[in-house]
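Asks: Attaching a single structure in structure tokens format; questions to follow.
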Amino acid sequence: MFSLYKKELQSYFFSPLAYIISALFVLIYSLSFIGWITSLTKVSLTFSFPAIFYDQFFYFIFLVPMLTMKSFAEERKSNTEVLLMSTPLNVFKIVMGKFLAIGTVFLMIMALTFIYPVITVIYGEVRWSGLICGYIGFLLWGLGCIAIGMLVSSFTENQIIAAILGEAAMMILFFIDHFSDIKWMQNKPVLSSFISSMSPKTRFVGFATGVFKLSDMVFYITFIVLILCWTMISVEKRRWNRG
């Protein structure tokens, strides 16, 4: 699995894709950081970093599909899927190798943002518990988006379609809590409460306020595992269809 992980990781950094996405993410994060600073009325910087991550929650939906669109679609398009499926690696190792590679790219992108807490420490103060909660929550949300993008990529050989469908799936998840506000849904409090509890955005609120809840972490981990299992089923089906 390590050889596949290494190959996938190299494929991102030997192309401009990872650098473009990193630049876009840092640009959006920088604009949010500057926006928070300019809105402060005090001299010291005492704002909440998790709130900045909450601002990135929506914009990140447009960046993740660019990372995941080629995970399986490119293999199918370039006919290297046959070689991948014929390797001694089982489906679990194939999926996890790709997932960990993209996850590593995501971690590196997140690491670039750590310069801003450092700047804040120099000129103000940082609430470290809130900062750590924000990073953990955003990491879990990012890994969940990566899992969704990989699942969608396993359905098609067209990277553009994989990116569009992946973004659509993430948008539905992002706005799923709004369904509970529909008038006829409000007449069904149990169903409305269930839909709200299934919203990744609602679950992120705790992290964004600097409050760590084990239930929110379990939700994200369960969500990621479930999507990865579906991806394994999709890849396994492709392997069986090829005989």
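Identifiers for the structure tokens are assigned positionally: chains receive A, B, ... in sequence, residues are indexed from 1 per chain, and ligands are indexed from 1 in the order shown.
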Write out, as a Markdown table, each residue of segment 51-117 of chain A that has an atom at most 9 Å from segment 132-147 of chain A, together with the closest pair of atoms and their distance in Å to one decimal, counting only C-alpha atoms, rows going by chain and rising number.

Replies:
```
| residue | atom | partner | partner_atom | distance |
| --- | --- | --- | --- | --- |
| A:Ala51 | CA | A:Gly134 | CA | 7.9 |
| A:Ile52 | CA | A:Gly134 | CA | 8.6 |
| A:Phe53 | CA | A:Gly134 | CA | 6.4 |
| A:Tyr54 | CA | A:Phe138 | CA | 8.1 |
| A:Gln56 | CA | A:Phe138 | CA | 8.8 |
| A:Phe57 | CA | A:Phe138 | CA | 7.6 |
| A:Phe60 | CA | A:Gly142 | CA | 7.9 |
| A:Ile61 | CA | A:Cys145 | CA | 7.5 |
| A:Val64 | CA | A:Ile146 | CA | 6.4 |
| A:Pro65 | CA | A:Ile146 | CA | 7.6 |
| A:Leu67 | CA | A:Ile146 | CA | 7.9 |
| A:Thr68 | CA | A:Ile146 | CA | 6.3 |
| A:Phe99 | CA | A:Ala147 | CA | 7.1 |
| A:Ile102 | CA | A:Ile146 | CA | 7.3 |
| A:Gly103 | CA | A:Leu143 | CA | 6.4 |
| A:Phe106 | CA | A:Gly142 | CA | 7.5 |
| A:Leu107 | CA | A:Leu139 | CA | 7.6 |
| A:Met110 | CA | A:Leu139 | CA | 8.1 |
```

Asks: Among the residues of segment 30-211 of chain A, find those DSSP assigns to helix (DSSP H, G or I) from the backbone and print them as a ChimeraX atom specification.

Replies: /A:30-38,49-62,64-68,73-77,81-85,91-112,115-123,128-153,159-174,176-181,183-186,189-197,200-208

Asks: Go ahead and compute the interatomic distance for atom CA of His178 of chain A and atom CA of Phe194 of chain A, in Å to one decimal.

Replies: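 Result for atom CA of His178 of chain A versus atom CA of Phe194 of chain A: 12.3 Å, one decimal.
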
Asks: Write out as a list in words each polymer residue whose atoms come within 9 Å of Met217 of chain A, counting only C-alpha atoms; drop sequence neighbours fewer than 2 positions from it.

Replies: Ile136, Gly137, Leu140, Arg203, Phe212, Lys213, Leu214, Ser215, Phe219, Tyr220, Ile221 and Thr222 of chain A

Asks: Got a sec: who's within 12 Å of Ile233 of chain A, counting only C-alpha atoms, leaving out chain neighbours fewer than 3 positions off, as an MDAnalysis selection string?

Replies: chainID A and resid 90:92 94:95 151 154:155 226:230 236:240

Asks: Print the selection's residues with N, CA, C and O atoms to a file, as a PDB file, in the first residue's frame.

Replies:
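Output below, filename result.pdb:
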```
ATOM      1  N   ASN A  90      -5.230  -5.599  -2.363  1.00  0.00           N
ATOM      2  CA  ASN A  90      -6.678  -5.761  -2.305  1.00  0.00           C
ATOM      3  C   ASN A  90      -7.348  -4.397  -2.404  1.00  0.00           C
ATOM      4  O   ASN A  90      -6.692  -3.357  -2.379  1.00  0.00           O
ATOM      5  N   VAL A  91      -8.666  -4.405  -2.514  1.00  0.00           N
ATOM      6  CA  VAL A  91      -9.415  -3.169  -2.718  1.00  0.00           C
ATOM      7  C   VAL A  91      -9.221  -2.210  -1.542  1.00  0.00           C
ATOM      8  O   VAL A  91      -9.115  -0.993  -1.728  1.00  0.00           O
ATOM      9  N   PHE A  92      -9.163  -2.747  -0.330  1.00  0.00           N
ATOM     10  CA  PHE A  92      -8.970  -1.909   0.846  1.00  0.00           C
ATOM     11  C   PHE A  92      -7.682  -1.104   0.733  1.00  0.00           C
ATOM     12  O   PHE A  92      -7.664   0.113   0.981  1.00  0.00           O
ATOM     13  N   ILE A  94      -5.983  -0.389  -1.993  1.00  0.00           N
ATOM     14  CA  ILE A  94      -6.048   0.537  -3.125  1.00  0.00           C
ATOM     15  C   ILE A  94      -6.754   1.829  -2.719  1.00  0.00           C
ATOM     16  O   ILE A  94      -6.259   2.935  -2.945  1.00  0.00           O
ATOM     17  N   VAL A  95      -7.931   1.671  -2.116  1.00  0.00           N
ATOM     18  CA  VAL A  95      -8.718   2.832  -1.718  1.00  0.00           C
ATOM     19  C   VAL A  95      -8.009   3.629  -0.628  1.00  0.00           C
ATOM     20  O   VAL A  95      -7.924   4.861  -0.691  1.00  0.00           O
ATOM     21  N   LEU A 151     -15.416   8.605  -4.016  1.00  0.00           N
ATOM     22  CA  LEU A 151     -16.560   7.744  -4.351  1.00  0.00           C
ATOM     23  C   LEU A 151     -17.137   8.132  -5.706  1.00  0.00           C
ATOM     24  O   LEU A 151     -17.389   7.263  -6.556  1.00  0.00           O
ATOM     25  N   SER A 154     -15.009   7.140  -8.653  1.00  0.00           N
ATOM     26  CA  SER A 154     -15.017   5.709  -8.980  1.00  0.00           C
ATOM     27  C   SER A 154     -16.178   5.336  -9.901  1.00  0.00           C
ATOM     28  O   SER A 154     -16.226   4.220 -10.409  1.00  0.00           O
ATOM     29  N   PHE A 155     -17.109   6.293 -10.130  1.00  0.00           N
ATOM     30  CA  PHE A 155     -18.275   6.012 -10.965  1.00  0.00           C
ATOM     31  C   PHE A 155     -18.069   6.354 -12.437  1.00  0.00           C
ATOM     32  O   PHE A 155     -18.842   5.915 -13.280  1.00  0.00           O
ATOM     33  N   LEU A 226     -17.933   5.176   6.354  1.00  0.00           N
ATOM     34  CA  LEU A 226     -19.066   4.711   5.551  1.00  0.00           C
ATOM     35  C   LEU A 226     -18.854   5.012   4.065  1.00  0.00           C
ATOM     36  O   LEU A 226     -19.056   4.145   3.206  1.00  0.00           O
ATOM     37  N   ILE A 227     -18.430   6.231   3.760  1.00  0.00           N
ATOM     38  CA  ILE A 227     -18.207   6.615   2.362  1.00  0.00           C
ATOM     39  C   ILE A 227     -17.059   5.808   1.754  1.00  0.00           C
ATOM     40  O   ILE A 227     -17.128   5.369   0.600  1.00  0.00           O
ATOM     41  N   LEU A 228     -16.005   5.579   2.529  1.00  0.00           N
ATOM     42  CA  LEU A 228     -14.882   4.779   2.033  1.00  0.00           C
ATOM     43  C   LEU A 228     -15.310   3.333   1.770  1.00  0.00           C
ATOM     44  O   LEU A 228     -14.857   2.709   0.804  1.00  0.00           O
ATOM     45  N   CYS A 229     -16.193   2.810   2.602  1.00  0.00           N
ATOM     46  CA  CYS A 229     -16.709   1.453   2.387  1.00  0.00           C
ATOM     47  C   CYS A 229     -17.494   1.383   1.084  1.00  0.00           C
ATOM     48  O   CYS A 229     -17.375   0.410   0.324  1.00  0.00           O
ATOM     49  N   TRP A 230     -18.297   2.404   0.814  1.00  0.00           N
ATOM     50  CA  TRP A 230     -19.035   2.450  -0.450  1.00  0.00           C
ATOM     51  C   TRP A 230     -18.082   2.533  -1.634  1.00  0.00           C
ATOM     52  O   TRP A 230     -18.335   1.933  -2.689  1.00  0.00           O
ATOM     53  N   GLU A 236     -14.578  -2.674  -6.079  1.00  0.00           N
ATOM     54  CA  GLU A 236     -14.650  -4.149  -6.126  1.00  0.00           C
ATOM     55  C   GLU A 236     -15.595  -4.599  -7.247  1.00  0.00           C
ATOM     56  O   GLU A 236     -15.334  -5.592  -7.929  1.00  0.00           O
ATOM     57  N   LYS A 237     -16.687  -3.884  -7.419  1.00  0.00           N
ATOM     58  CA  LYS A 237     -17.632  -4.207  -8.479  1.00  0.00           C
ATOM     59  C   LYS A 237     -16.970  -4.073  -9.841  1.00  0.00           C
ATOM     60  O   LYS A 237     -17.171  -4.902 -10.745  1.00  0.00           O
ATOM     61  N   ARG A 238     -16.165  -3.015 -10.000  1.00  0.00           N
ATOM     62  CA  ARG A 238     -15.436  -2.830 -11.248  1.00  0.00           C
ATOM     63  C   ARG A 238     -14.451  -3.985 -11.479  1.00  0.00           C
ATOM     64  O   ARG A 238     -14.312  -4.464 -12.609  1.00  0.00           O
ATOM     65  N   ARG A 239     -13.800  -4.427 -10.418  1.00  0.00           N
ATOM     66  CA  ARG A 239     -12.844  -5.527 -10.541  1.00  0.00           C
ATOM     67  C   ARG A 239     -13.541  -6.816 -10.977  1.00  0.00           C
ATOM     68  O   ARG A 239     -13.055  -7.537 -11.864  1.00  0.00           O
ATOM     69  N   TRP A 240     -14.689  -7.093 -10.390  1.00  0.00           N
ATOM     70  CA  TRP A 240     -15.446  -8.305 -10.751  1.00  0.00           C
ATOM     71  C   TRP A 240     -15.972  -8.217 -12.174  1.00  0.00           C
ATOM     72  O   TRP A 240     -16.010  -9.228 -12.895  1.00  0.00           O
TER      73      TRP A 240
END
```

Asks: Give me the residues near Ser153 of chain A as a PyMOL selection string, where near means some atom within 6 Å (using only C-alpha atoms) and where sequence neighbours in that chain fewer than 5 positions away do not count.

Replies: chain A and resi 69+72-73+162

Asks: Which of these, A:Thr113, A:Ser78, A:Thr156, A:Ser71, has the shortest distance to Leu100 of chain A once you count only C-alpha atoms?

Replies: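 Among the listed residues, A:Ser71 lies closest to Leu100 of chain A.
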
Asks: Give the answer as one residue: which of A:Leu27, A:Ile109, A:Val121, A:Leu131 has the shortest atom-to-atom distance to Thr209 of chain A, using only C-alpha atoms?

Replies: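 With only C-alpha atoms as the atom set, the closest residue is A:Leu131.
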
Asks: Report, in Å with one decimal, the straight-line distance from atom CA of Phe58 of chain A to atom CA of Ile115 of chain A.

Replies: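 So the two atoms, atom CA of Phe58 of chain A and atom CA of Ile115 of chain A, lie 21.9 Å apart.
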